[in-house]
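*Asks:* So here's query-v5.tsv (TSV, C-alpha atoms).
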chain	number	residue	atom	x	y	z
A	1	ARG	CA	15.30	-0.72	-82.93
A	2	ALA	CA	13.62	2.00	-84.91
A	3	ARG	CA	12.05	4.81	-82.93
A	4	GLY	CA	9.59	7.42	-84.15
A	5	LEU	CA	7.22	9.99	-82.74
A	6	ASP	CA	3.49	9.57	-82.53
A	7	SER	CA	2.24	13.14	-82.23
A	8	SER	CA	-1.22	12.16	-81.03
A	9	ILE	CA	-1.58	14.63	-78.18
A	10	TRP	CA	-3.39	17.86	-79.11
A	11	SER	CA	-3.88	20.93	-76.90
A	12	ARG	CA	-5.75	24.21	-77.07
A	13	PRO	CA	-6.32	27.03	-74.58
A	14	CYS	CA	-10.00	27.76	-74.10
A	15	SER	CA	-10.97	30.73	-76.24
A	16	PRO	CA	-14.16	32.42	-77.49
A	17	ALA	CA	-16.45	30.36	-79.62
A	18	SER	CA	-14.45	28.33	-82.16
A	19	SER	CA	-15.25	28.91	-85.81
A	20	ARG	CA	-16.15	26.36	-88.44
A	21	ARG	CA	-12.85	27.27	-90.09
A	22	ALA	CA	-10.95	26.13	-86.99
A	23	GLN	CA	-12.84	22.84	-86.94
A	24	SER	CA	-12.17	22.32	-90.65
A	25	ARG	CA	-8.47	23.07	-90.15
A	26	THR	CA	-8.33	20.56	-87.29
A	27	THR	CA	-9.98	17.90	-89.48
A	28	VAL	CA	-7.30	18.42	-92.13
A	29	GLN	CA	-4.53	18.27	-89.52
A	30	LEU	CA	-5.99	15.07	-88.11
A	31	LYS	CA	-6.05	13.38	-91.51
A	32	ARG	CA	-2.53	14.57	-92.32
A	33	ALA	CA	-1.18	13.29	-89.01
A	34	ALA	CA	-2.83	9.89	-89.43
A	35	SER	CA	-1.68	9.68	-93.06
A	36	LEU	CA	1.92	10.58	-92.20
A	37	LEU	CA	2.04	7.96	-89.47
A	38	ALA	CA	0.45	5.32	-91.68
A	39	ARG	CA	2.88	5.92	-94.57
A	40	SER	CA	5.87	5.83	-92.24
A	41	LEU	CA	4.46	2.69	-90.68
A	42	MET	CA	4.18	0.87	-94.00
A	43	LYS	CA	7.75	1.82	-94.95
A	44	ILE	CA	9.00	0.28	-91.72
A	45	ALA	CA	6.76	-2.75	-92.25
A	46	PHE	CA	8.28	-3.32	-95.68
A	47	ALA	CA	11.77	-3.03	-94.20
A	48	ALA	CA	10.75	-5.64	-91.64
A	49	LEU	CA	9.54	-7.91	-94.43
A	50	LEU	CA	12.92	-7.62	-96.14
A	51	ALA	CA	14.55	-8.63	-92.86
A	52	VAL	CA	12.24	-11.64	-92.68
A	53	SER	CA	13.11	-12.49	-96.28
A	54	ALA	CA	16.80	-12.34	-95.50
A	55	ARG	CA	16.33	-15.29	-93.16
A	56	ALA	CA	14.90	-17.41	-95.99
A	57	ASP	CA	16.85	-20.41	-97.20
A	58	THR	CA	16.57	-19.73	-100.95
A	59	ASP	CA	16.58	-16.74	-103.28
A	60	GLN	CA	13.14	-17.87	-104.47
A	61	ASP	CA	11.68	-16.72	-101.16
A	62	CYS	CA	13.16	-13.21	-101.32
A	63	HIS	CA	10.34	-10.66	-101.12
A	64	CYS	CA	12.52	-7.96	-102.67
A	65	VAL	CA	12.22	-9.79	-106.01
A	66	ASP	CA	8.43	-10.20	-106.06
A	67	ARG	CA	6.73	-7.92	-103.55
A	68	SER	CA	3.35	-9.46	-104.29
A	69	LEU	CA	4.52	-12.39	-102.15
A	70	SER	CA	4.73	-10.08	-99.13
A	71	THR	CA	1.89	-9.54	-96.68
A	72	VAL	CA	1.51	-7.21	-93.72
A	73	SER	CA	-1.23	-8.00	-91.19
A	74	ALA	CA	-2.28	-5.13	-88.94
A	75	VAL	CA	-4.10	-5.68	-85.65
A	76	THR	CA	-4.84	-2.43	-83.82
A	77	HIS	CA	-7.26	-1.26	-81.15
A	78	GLY	CA	-8.80	1.22	-83.60
A	79	ILE	CA	-12.57	1.14	-84.18
A	80	LYS	CA	-14.53	1.90	-87.33
A	81	THR	CA	-16.11	5.15	-86.09
A	82	ASP	CA	-12.83	6.66	-84.85
A	83	PRO	CA	-11.88	9.77	-86.92
A	84	TYR	CA	-8.17	9.02	-86.35
A	85	TRP	CA	-8.11	5.37	-87.37
A	86	GLN	CA	-10.26	5.83	-90.49
A	87	PRO	CA	-7.66	7.89	-92.42
A	88	PHE	CA	-4.86	5.84	-90.83
A	89	ARG	CA	-6.31	2.66	-92.34
A	90	GLU	CA	-7.09	4.25	-95.71
A	91	THR	CA	-3.56	5.63	-96.07
A	92	SER	CA	-2.08	2.31	-94.98
A	93	PHE	CA	-3.79	0.61	-97.93
A	94	GLN	CA	-2.53	3.31	-100.31
A	95	ALA	CA	1.01	2.97	-98.97
A	96	ALA	CA	0.81	-0.81	-99.32
A	97	ALA	CA	-0.35	-0.46	-102.92
A	98	ASP	CA	2.48	2.01	-103.63
A	99	THR	CA	5.07	-0.50	-102.43
A	100	GLY	CA	3.39	-3.51	-104.04
A	101	ILE	CA	2.67	-5.48	-100.89
A	102	THR	CA	-0.58	-6.99	-99.60
A	103	LEU	CA	-2.13	-5.46	-96.49
A	104	GLU	CA	-4.67	-7.10	-94.19
A	105	PHE	CA	-6.15	-4.46	-91.87
A	106	ASP	CA	-9.63	-4.38	-90.34
A	107	LEU	CA	-11.00	-2.11	-87.61
A	108	TYR	CA	-13.22	-3.32	-84.79
A	109	ASP	CA	-16.85	-2.32	-84.26
A	110	GLU	CA	-16.00	-1.91	-80.56
A	111	PHE	CA	-12.73	-2.43	-78.72
A	112	ASP	CA	-12.52	-5.60	-76.63
A	113	ALA	CA	-9.09	-6.45	-75.20
A	114	ALA	CA	-9.83	-10.18	-75.07
A	115	VAL	CA	-10.91	-10.28	-78.72
A	116	MET	CA	-7.86	-8.30	-79.82
A	117	ALA	CA	-5.55	-10.51	-77.76
A	118	ALA	CA	-6.95	-13.61	-79.48
A	119	ASP	CA	-6.42	-12.00	-82.90
A	120	VAL	CA	-2.82	-11.13	-81.99
A	121	GLU	CA	-2.02	-14.64	-80.74
A	122	ALA	CA	-3.50	-16.07	-83.94
A	123	LEU	CA	-0.82	-14.23	-85.93
A	124	ALA	CA	1.62	-16.98	-84.97
A	125	ASP	CA	-0.45	-19.29	-87.21
A	126	THR	CA	-1.80	-16.89	-89.86
A	127	CYS	CA	1.18	-14.57	-90.38
A	128	VAL	CA	4.25	-16.72	-91.01
A	129	ASP	CA	7.16	-16.96	-93.48
A	130	LYS	CA	6.03	-14.35	-96.00
A	131	CYS	CA	4.27	-12.10	-93.54
A	132	ALA	CA	5.05	-9.47	-90.90
A	133	ALA	CA	2.50	-7.99	-88.53
A	134	VAL	CA	1.83	-4.53	-87.12
A	135	VAL	CA	0.22	-4.33	-83.69
A	136	THR	CA	-0.77	-1.73	-81.15
A	137	ILE	CA	-0.38	-2.64	-77.48
A	138	PRO	CA	-3.18	-0.83	-75.62
A	139	ASP	CA	-3.14	-2.84	-72.39
A	140	ALA	CA	-1.52	-5.69	-70.44
A	141	THR	CA	-3.83	-8.33	-71.95
A	142	VAL	CA	-2.74	-7.50	-75.48
A	143	GLU	CA	0.91	-7.17	-74.44
A	144	GLU	CA	0.87	-10.74	-73.13
A	145	ALA	CA	-0.66	-11.87	-76.43
A	146	VAL	CA	2.10	-10.07	-78.34
A	147	GLU	CA	4.75	-11.83	-76.26
A	148	ASN	CA	3.10	-15.19	-76.92
A	149	ALA	CA	2.86	-14.56	-80.67
A	150	ILE	CA	6.53	-13.60	-80.84
A	151	PHE	CA	7.52	-16.67	-78.80
A	152	ASN	CA	5.59	-18.83	-81.27
A	153	GLY	CA	7.44	-17.38	-84.26
A	154	ALA	CA	5.51	-14.34	-85.51
A	155	ALA	CA	7.48	-11.30	-86.74
A	156	LEU	CA	5.76	-8.36	-85.04
A	157	PHE	CA	6.47	-4.71	-84.62
A	158	GLY	CA	4.48	-2.12	-82.71
A	159	THR	CA	3.01	1.30	-83.31
A	160	ASN	CA	0.91	4.00	-81.63
A	161	ALA	CA	0.33	2.45	-78.20
A	162	GLY	CA	2.50	0.43	-75.85
A	163	TYR	CA	5.96	2.00	-76.20
A	164	PRO	CA	8.50	0.46	-76.09
A	165	GLY	CA	6.72	-2.90	-76.20
A	166	PRO	CA	8.22	-6.35	-75.58
A	167	PHE	CA	11.95	-6.55	-76.20
A	168	ASP	CA	11.62	-9.01	-79.09
A	169	LEU	CA	9.51	-6.74	-81.31
A	170	GLU	CA	11.17	-6.17	-84.67
A	171	SER	CA	10.83	-2.41	-84.01
A	172	PHE	CA	8.43	0.17	-82.60
A	173	PHE	CA	7.11	3.35	-84.22
A	174	GLY	CA	5.55	5.58	-81.59
A	175	SER	CA	6.14	7.73	-78.54
A	176	ASN	CA	7.06	7.36	-74.91
A	177	GLU	CA	3.51	7.71	-73.57
A	178	THR	CA	4.37	9.30	-70.22
A	179	GLU	CA	6.71	11.84	-71.79
A	180	ALA	CA	4.12	12.61	-74.51
A	181	GLY	CA	1.60	13.46	-71.81
A	182	ALA	CA	4.12	15.58	-69.92
A	183	GLU	CA	5.00	17.50	-73.09
A	184	ALA	CA	1.31	18.10	-73.78
A	185	GLY	CA	0.96	19.56	-70.30
A	186	ARG	CA	3.96	21.83	-70.81
A	187	GLN	CA	2.62	22.97	-74.18
A	188	ALA	CA	-0.79	23.73	-72.66
A	189	LEU	CA	0.81	25.92	-69.99
A	190	ALA	CA	2.97	27.65	-72.61
A	191	ALA	CA	-0.14	28.37	-74.70
A	192	LEU	CA	-1.80	29.94	-71.67
A	193	VAL	CA	1.21	32.17	-71.09
A	194	ARG	CA	0.92	33.41	-74.67
A	195	THR	CA	-2.70	34.39	-73.99
A	196	GLY	CA	-1.74	36.45	-70.93
A	197	TRP	CA	-2.03	33.93	-68.09
A	198	ASN	CA	-0.01	35.09	-65.05
A	199	GLY	CA	1.38	31.64	-64.25
A	200	VAL	CA	-0.76	30.86	-61.20
A	201	GLY	CA	-3.66	28.46	-60.71
A	202	ALA	CA	-4.23	27.15	-64.23
A	203	ARG	CA	-7.02	24.58	-64.60
A	204	VAL	CA	-6.16	22.08	-67.34
A	205	ALA	CA	-8.41	19.24	-68.53
A	206	MET	CA	-7.29	16.17	-70.46
A	207	VAL	CA	-9.97	14.55	-72.60
A	208	ASP	CA	-9.76	10.74	-72.75
A	209	PRO	CA	-12.00	9.48	-75.58
A	210	GLU	CA	-11.22	5.87	-74.60
A	211	ASN	CA	-12.95	6.22	-71.20
A	212	GLY	CA	-9.88	5.02	-69.28
A	213	MET	CA	-9.74	1.67	-71.12
A	214	ILE	CA	-6.42	2.14	-72.96
A	215	SER	CA	-3.24	1.87	-70.89
A	216	SER	CA	-1.27	4.17	-73.17
A	217	LEU	CA	-3.70	7.02	-72.43
A	218	ASN	CA	-3.45	6.20	-68.74
A	219	GLN	CA	0.32	6.71	-69.06
A	220	ARG	CA	-0.18	9.97	-70.94
A	221	TRP	CA	-2.47	11.15	-68.14
A	222	ASP	CA	0.21	10.33	-65.56
A	223	GLY	CA	2.74	12.44	-67.45
A	224	LEU	CA	0.38	15.35	-68.06
A	225	LYS	CA	-0.82	15.44	-64.44
A	226	ALA	CA	2.75	15.52	-63.13
A	227	ALA	CA	3.76	18.32	-65.52
A	228	ILE	CA	0.70	20.44	-64.70
A	229	GLU	CA	1.02	20.01	-60.97
A	230	ASN	CA	4.64	21.20	-61.15
A	231	ALA	CA	3.25	24.63	-62.07
A	232	THR	CA	2.28	27.06	-59.32
A	233	GLY	CA	-1.19	26.21	-58.05
A	234	ALA	CA	-2.15	24.49	-61.31
A	235	SER	CA	-4.53	21.53	-61.36
A	236	ALA	CA	-5.26	18.77	-63.86
A	237	THR	CA	-8.56	16.98	-64.40
A	238	ARG	CA	-9.22	13.93	-66.57
A	239	LEU	CA	-12.47	13.94	-68.56
A	240	LEU	CA	-13.54	10.41	-69.51
A	241	LEU	CA	-15.83	10.05	-72.53
A	242	PRO	CA	-17.95	6.88	-72.69
A	243	PRO	CA	-19.03	5.24	-75.98
A	244	PRO	CA	-20.16	5.84	-78.64
A	245	ARG	CA	-16.95	7.19	-80.17
A	246	THR	CA	-18.61	9.48	-82.72
A	247	VAL	CA	-17.87	13.20	-82.99
A	248	PRO	CA	-21.49	14.31	-82.22
A	249	ALA	CA	-21.71	12.04	-79.17
A	250	MET	CA	-18.30	13.08	-77.84
A	251	THR	CA	-19.13	16.76	-78.45
A	252	ASP	CA	-22.36	16.57	-76.47
A	253	GLU	CA	-20.79	14.62	-73.61
A	254	LEU	CA	-17.81	16.96	-73.40
A	255	ALA	CA	-19.98	20.08	-73.48
A	256	GLY	CA	-21.63	18.91	-70.29
A	257	LEU	CA	-18.26	18.35	-68.61
A	258	LEU	CA	-16.74	21.73	-69.48
A	259	VAL	CA	-19.23	23.88	-67.57
A	260	ASP	CA	-20.97	24.16	-64.23
A	261	GLY	CA	-24.09	26.17	-64.95
A	262	ASP	CA	-22.81	29.20	-66.83
A	263	ALA	CA	-19.25	28.87	-65.48
A	264	CYS	CA	-16.46	27.40	-67.60
A	265	LEU	CA	-14.40	25.03	-65.48
A	266	TYR	CA	-11.08	24.92	-67.36
A	267	ASP	CA	-8.50	27.30	-68.77
A	268	ALA	CA	-7.06	24.80	-71.26
A	269	VAL	CA	-8.18	21.50	-72.74
A	270	VAL	CA	-5.80	18.78	-73.92
A	271	GLY	CA	-6.76	15.68	-75.88
A	272	THR	CA	-5.84	13.15	-78.52
A	273	PHE	CA	-6.16	14.10	-82.19
A	274	ASP	CA	-9.29	12.01	-82.58
A	275	ALA	CA	-10.97	14.11	-79.87
A	276	ALA	CA	-9.86	17.46	-81.32
A	277	ILE	CA	-12.97	18.11	-83.43
A	278	ALA	CA	-15.23	17.22	-80.49
A	279	ILE	CA	-13.22	19.54	-78.22
A	280	LEU	CA	-13.62	22.46	-80.63
A	281	GLY	CA	-17.31	21.67	-81.02
A	282	ALA	CA	-17.84	21.56	-77.25
A	283	LEU	CA	-16.00	24.87	-76.75
A	284	ASN	CA	-18.15	26.40	-79.45
A	285	LYS	CA	-21.32	24.96	-77.94
A	286	THR	CA	-20.56	26.20	-74.40
A	287	GLY	CA	-18.98	29.53	-75.38
A	288	CYS	CA	-16.16	28.98	-72.89
A	289	GLU	CA	-13.36	31.55	-72.83
Mind turning the file's structure into structure tokens?
*Replies:*
Amino acid sequence: RARGLDSSIWSRPCSPASSRRAQSRTTVQLKRAASLLARSLMKIAFAALLAVSARADTDQDCHCVDRSLSTVSAVTHGIKTDPYWQPFRETSFQAAADTGITLEFDLYDEFDAAVMAADVEALADTCVDKCAAVVTIPDATVEEAVENAIFNGAALFGTNAGYPGPFDLESFFGSNETEAGAEAGRQALAALVRTGWNGVGARVAMVDPENGMISSLNQRWDGLKAAIENATGASATRLLLPPPRTVPAMTDELAGLLVDGDACLYDAVVGTFDAAIAILGALNKTGCE
């Protein structure tokens, strides 16, 4: 089974007011990360389609001869206003066009696990023979739907959330969520050391832009919390951001969570890439050091 790395944990020690240049650089990094993952994803999807084709009874069904016969259906928990999933989707379509396959990929207005689970289970009927599907697995409801779709004959592989996924996935491109969170915690502490922290009593916050609704971020929090609390006197706090998932809304909400009066509450802030611009904006707005 193919394994990859989803580098979707981002960290930054709190510093004096962040510049517009830093926010612009983060925007570019976000788009590059999403684009890299999307292109890699489509390459694996095409490989999966070839594997599906190899099971065909006749050469006429081989997708390596006429790629226009091949379709990839993507069902993810991404929403239309998310600054991570927007470039991910756009690059997926470009990668599909580059390889000559058809891509079906819509984003939700709002995430609803029951709605996504129904869409995943429907893949057993809508994505067959000349089709492979890409899914994220954000919670137990969707994971059960994935298992049902596979049982009913759909060729699925996972990405982004839900590592390692059900055993019968064609493959998975993503990270071990708990270890990703732990590594983010270690990187945050290392960044503090570089700024002169003495190694005692660090206060680290993890920003969860999904408001605790996505199991993969819950696993990342578990890993980060354990890594932080292994440090001398260090503490970890989870900052949950409610909808809407827009940068201005997340920035305003986060700015209120970073301070108590004039006092900055955290020495380092960790978050997903799609929260990075909001984190920089909130640090700039509060002037936290």
*Asks:* Contacts of Ile214 in chain A at 9 Å or less, counting only C-alpha atoms, minus same-chain residues fewer than 2 places along, as a compact mmCIF listing (two decimals) with C-alpha atoms, in the coordinates of the input?
*Replies:*
# COMPACT_ATOMS: atom_id res chain seq x y z
CA HIS A 77 -7.26 -1.26 -81.15
CA ILE A 137 -0.38 -2.64 -77.48
CA PRO A 138 -3.18 -0.83 -75.62
CA ASP A 139 -3.14 -2.84 -72.39
CA ALA A 161 0.33 2.45 -78.20
CA GLU A 210 -11.22 5.87 -74.60
CA ASN A 211 -12.95 6.22 -71.20
CA GLY A 212 -9.88 5.02 -69.28
CA SER A 216 -1.27 4.17 -73.17
CA LEU A 217 -3.70 7.02 -72.43
CA ASN A 218 -3.45 6.20 -68.74
*Asks:* Of the residues A:Asn198, A:Ser92, A:Thr246, A:Ser70, which is the one nearest to Asp129 in chain A, using all atoms listed in the file?
*Replies:*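 Using all atoms listed in the file, the shortest distance to Asp129 in chain A belongs to A:Ser70.
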*Asks:* Find, counting only C-alpha atoms, the residue in A:Leu254, A:Leu280, A:Val115, A:Val146 that gets nearest to Leu239 in chain A.
*Replies:*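 For Leu239 in chain A, the nearest of the candidates is A:Leu254.
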*Asks:* Considering only C-alpha atoms, can you say which of A:Ala249, A:Pro209, A:Leu192, A:Glu229 comes closest to Ala276 in chain A?
*Replies:* A:Pro209
*Asks:* From (-15.0, 23.3, -65.7), in the file's coordinates, out to 12 Å: which residues are reached, counting all atoms listed in the file? Answer as an MDAnalysis selection string.
*Replies:* chainID A and resid 14 202:206 235:239 254:269 283 286 288:289
*Asks:* Nearest to Asp222 in chain A among A:Gln187, A:Thr251, A:Thr178, A:Thr195, with distances taken over all atoms listed in the file: which residue is it?
*Replies:*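 Of A:Gln187, A:Thr251, A:Thr178, A:Thr195, the one nearest Asp222 in chain A, counting all atoms listed in the file, is A:Thr178.
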*Asks:* The residues within 8 Å of (0.1, -6.0, -88.0), using only C-alpha atoms and the coordinates of the file, should be reported as a list in words; which are they?
*Replies:*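 Answer for this query, in the requested form: Val72, Ser73, Ala74, Val75, Thr76, Glu104, Phe105, Ala132, Ala133, Val134, Val135, Leu156, Phe157 and Gly158 of chain A.
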*Asks:* At what distance in Å, to one decimal, does CA of Ser175 in chain A lie from CA of Val120 in chain A?
*Replies:* 21.2 Å
*Asks:* From the options A:Pro166, A:Pro87, A:Gly153, A:Gly78, which residue's atoms come nearest to Met116 in chain A, counting all atoms listed in the file?
*Replies:*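 That would be A:Gly78, the residue with the smallest distance to Met116 in chain A.
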*Asks:* May I ask which of the residues A:Thr272, A:Asn176, A:Trp221, A:Ser215 is the closest one to Pro164 in chain A, counting all atoms listed in the file?
*Replies:*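 Smallest distance to Pro164 in chain A is found for A:Asn176.
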*Asks:* Would you compute the distance between CA of Val200 in chain A and CA of Leu224 in chain A? Give it in Å to one decimal.
*Replies:* 17.0 Å
*Asks:* For CA of Pro242 in chain A and CA of Lys285 in chain A, quote the distance in Å rounded to one decimal.
*Replies:*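 Computing it gives 19.1 Å between the two atoms.
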*Asks:* Restrict the output to range 138-155 of chain A and N, CA, C and O atoms, then write it as a short mmCIF file (atom, residue, chain, number, x, y, z; two decimals), in the first residue's frame.
*Replies:*
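The result, stored in result37.cif:
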data_model
loop_
_atom_site.label_atom_id
_atom_site.label_comp_id
_atom_site.auth_asym_id
_atom_site.auth_seq_id
_atom_site.Cartn_x
_atom_site.Cartn_y
_atom_site.Cartn_z
N PRO A 138 -12.91 11.54 7.61
CA PRO A 138 -12.79 12.46 8.73
C PRO A 138 -13.36 11.96 10.05
O PRO A 138 -13.04 12.51 11.09
N ASP A 139 -14.25 10.95 10.00
CA ASP A 139 -14.81 10.46 11.26
C ASP A 139 -15.33 9.03 11.09
O ASP A 139 -15.25 8.44 10.00
N ALA A 140 -15.85 8.46 12.18
CA ALA A 140 -16.28 7.07 12.19
C ALA A 140 -17.47 6.84 11.26
O ALA A 140 -17.59 5.76 10.65
N THR A 141 -18.35 7.83 11.11
CA THR A 141 -19.51 7.69 10.23
C THR A 141 -19.07 7.50 8.79
O THR A 141 -19.58 6.62 8.07
N VAL A 142 -18.13 8.31 8.35
CA VAL A 142 -17.64 8.20 6.98
C VAL A 142 -16.81 6.92 6.81
O VAL A 142 -16.87 6.26 5.76
N GLU A 143 -16.06 6.54 7.83
CA GLU A 143 -15.27 5.31 7.72
C GLU A 143 -16.17 4.10 7.50
O GLU A 143 -15.86 3.23 6.69
N GLU A 144 -17.28 4.04 8.20
CA GLU A 144 -18.23 2.94 7.98
C GLU A 144 -18.77 2.95 6.56
O GLU A 144 -18.93 1.90 5.93
N ALA A 145 -19.04 4.15 6.04
CA ALA A 145 -19.53 4.27 4.67
C ALA A 145 -18.48 3.80 3.67
O ALA A 145 -18.81 3.15 2.66
N VAL A 146 -17.22 4.11 3.94
CA VAL A 146 -16.13 3.65 3.07
C VAL A 146 -16.07 2.13 3.06
O VAL A 146 -15.95 1.50 2.00
N GLU A 147 -16.17 1.53 4.23
CA GLU A 147 -16.14 0.07 4.32
C GLU A 147 -17.30 -0.55 3.55
O GLU A 147 -17.13 -1.55 2.85
N ASN A 148 -18.48 0.06 3.65
CA ASN A 148 -19.65 -0.45 2.93
C ASN A 148 -19.46 -0.33 1.42
O ASN A 148 -19.82 -1.24 0.66
N ALA A 149 -18.92 0.82 0.97
CA ALA A 149 -18.72 1.03 -0.47
C ALA A 149 -17.72 0.02 -1.03
O ALA A 149 -17.91 -0.53 -2.12
N ILE A 150 -16.65 -0.24 -0.29
CA ILE A 150 -15.66 -1.22 -0.72
C ILE A 150 -16.28 -2.61 -0.77
O ILE A 150 -16.09 -3.37 -1.74
N PHE A 151 -17.05 -2.97 0.24
CA PHE A 151 -17.71 -4.27 0.29
C PHE A 151 -18.63 -4.45 -0.92
O PHE A 151 -18.76 -5.56 -1.45
N ASN A 152 -19.24 -3.35 -1.36
CA ASN A 152 -20.18 -3.42 -2.49
C ASN A 152 -19.50 -3.22 -3.84
O ASN A 152 -20.18 -3.05 -4.85
N GLY A 153 -18.15 -3.22 -3.85
CA GLY A 153 -17.44 -3.28 -5.12
C GLY A 153 -16.75 -2.03 -5.58
O GLY A 153 -16.12 -2.04 -6.66
N ALA A 154 -16.80 -0.93 -4.84
CA ALA A 154 -16.13 0.30 -5.28
C ALA A 154 -14.62 0.20 -5.04
O ALA A 154 -14.17 -0.39 -4.05
N ALA A 155 -13.85 0.76 -5.96
CA ALA A 155 -12.38 0.84 -5.82
C ALA A 155 -12.05 2.19 -5.21
O ALA A 155 -12.11 3.21 -5.89
#
